[in-house]
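Undergrad: Here it is, the structure, as C-alpha cells.
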Amino acid sequence: MRKLMAALGTGAMTAAGLLAVATPAQAATCTLVQSEIYNGANMIAWSRGLDGCAGDVYWEIQSDDGGTWQVTDSGTTHYDDQVVSYYGDVDLPCHLRVYAAFGGQERLTRPVRNNNCAG
C-alpha cells in the first residue's frame with residue numbers, strides 16, 4: 001500500500017476516493033439553530049440546538065415590560081448535534097422573544113404576543 005501511495009501520490013489517492021481528507025470548512029461547520037416562535041391557538045413553540053457539532057448554548061426568554069426587554073428565564077443547555085422543540089403557553093410572558101448564543105453566533109427571534117398568557 002505504501003508503494004502504491006508513493007506511486008500515485010496523495011492527490012491521486014484522494015481523487016480516487018481511497019483517502020479521505022477533511023477540509024477546514026467541513027471540520028469547522030457548526031451552526032446555532034434558533035427558529036422563530038410559533039404562536040398557535042393554544043401554545044407557543046420554538047426550536048433550538050446545534051447543527052454539526054456539540055456544545056453548550058446560552059439562552060434567554062425575554063419579556064417586554066413597558067417597552068424595556070427583561071430576562072424572565074435563562075440557562076445553558078447542552079446539544080449534541082441536535083435541535084430540540086420547546087413548548088409553553090400560560091407559563092410564558094404575554095409579549096416575548098427568545099435569544100440564543102453559541103461561540104460568536106447569536107440569534108434573536110421576532111417578538112410575539114402570547115394570547116394564552118396569564119397576565
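In the C-alpha cells, chains take letters A, B, ... by order of appearance, with residues numbered from 1 within each chain and ligands from 1 in the order shown.
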Using only C-alpha atoms, determine which residues lie at most 12 Å from Thr77 (chain A), disregarding the query and same-chain residues fewer than 3 positions distant; provide the list as an MDAnalysis selection string.
TA: chainID A and resid 48:50 54:60 74 80 82:84 100:102
Undergrad: Between A:Asp65, A:Glu106, A:Asp81, A:Asp89, which residue has the minimum interatomic distance to Ala45 (chain A), considering only C-alpha atoms?
TA: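 Comparing A:Asp65, A:Glu106, A:Asp81, A:Asp89 against Ala45 (chain A), the winner is A:Asp89.
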Undergrad: Could you tell me how far CA of Ser63 (chain A) sits from CA of Pro93 (chain A), in Å to one decimal place?
TA: 5.8 Å
Undergrad: Between CA of Ile37 (chain A) and CA of His95 (chain A), what is the distance in Å, rounded to a tenth?
TA: 11.4 Å
Undergrad: Name the residues in contact with Met43 (chain A) at a cut-off of 7 Å, using only C-alpha atoms, excluding same-chain residues fewer than 4 positions from it; report them as a compact mmCIF listing (two decimals) with C-alpha atoms, in the first residue's frame.
TA:
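File written: around-v1.txt
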# COMPACT_ATOMS: atom_id res chain seq x y z
CA ASN A 39 -47.76 31.35 18.09
CA TYR A 87 -43.47 24.41 24.10
CA GLY A 88 -45.37 26.61 26.53
CA ASP A 89 -48.43 28.77 26.99
Undergrad: Can you list, as a list of chain:residue names, every protein, DNA or RNA residue that comes within 8 Å of Leu108 (chain A) when you count only C-alpha atoms, leaving out same-chain residues fewer than 3 positions away?
TA: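 Skipping anything fewer than 3 positions along the chain leaves A:Gln34, A:Arg97, A:Val98, A:Tyr99, A:Ala100.
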Undergrad: If we count only C-alpha atoms and set the cut-off at 10 Å, which residues sit around Gly40 (chain A), ignoring sequence neighbours fewer than 6 positions away in its own chain? Please answer as a compact mmCIF listing (two decimals) with all heavy atoms, in the first residue's frame.
TA:
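Result written to result04.txt:
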# COMPACT_ATOMS: atom_id res chain seq x y z
N ASP A 89 -47.27 27.91 27.21
CA ASP A 89 -48.43 28.77 26.99
C ASP A 89 -48.58 29.72 28.16
O ASP A 89 -47.96 30.76 28.19
CB ASP A 89 -49.70 27.98 26.67
CG ASP A 89 -50.07 26.97 27.74
OD1 ASP A 89 -49.44 26.95 28.81
OD2 ASP A 89 -51.02 26.21 27.53
N ASN A 114 -48.25 36.49 23.20
CA ASN A 114 -48.75 35.21 23.69
C ASN A 114 -50.22 35.39 24.10
O ASN A 114 -50.51 35.98 25.13
CB ASN A 114 -47.91 34.74 24.88
CG ASN A 114 -48.38 33.44 25.46
OD1 ASN A 114 -49.33 32.83 24.96
ND2 ASN A 114 -47.74 33.00 26.52
N ASN A 115 -51.11 34.89 23.29
CA ASN A 115 -52.54 35.05 23.56
C ASN A 115 -53.03 34.17 24.71
O ASN A 115 -54.18 34.29 25.13
CB ASN A 115 -53.34 34.75 22.28
CG ASN A 115 -52.99 35.72 21.18
OD1 ASN A 115 -52.80 36.90 21.42
ND2 ASN A 115 -52.88 35.21 19.97
N ASN A 116 -52.19 33.28 25.20
CA ASN A 116 -52.58 32.38 26.28
C ASN A 116 -51.94 32.75 27.62
O ASN A 116 -52.01 31.99 28.57
CB ASN A 116 -52.17 30.94 25.93
CG ASN A 116 -52.77 30.50 24.62
OD1 ASN A 116 -53.97 30.65 24.41
ND2 ASN A 116 -51.96 29.99 23.73
Undergrad: I'd like the contact shell of Gly52 (chain A) - 8 Å cut-off, only C-alpha atoms, skipping same-chain residues fewer than 4 positions apart - returned as a ChimeraX atom specification.
TA: /A:29-31,81
Undergrad: Just the number, please: distance in Å from CA of Val90 (chain A) to CA of Gln105 (chain A), one decimal.
TA: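 CA of Val90 (chain A) sits 29.8 Å away from CA of Gln105 (chain A).
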Undergrad: Could you check the closest approach to Val33 (chain A) for each of A:Asp73, A:Leu92, A:Thr109, A:Thr68 and tell me which residue wins, using only C-alpha atoms?
TA: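 Closest to Val33 (chain A), using only C-alpha atoms: A:Thr109.
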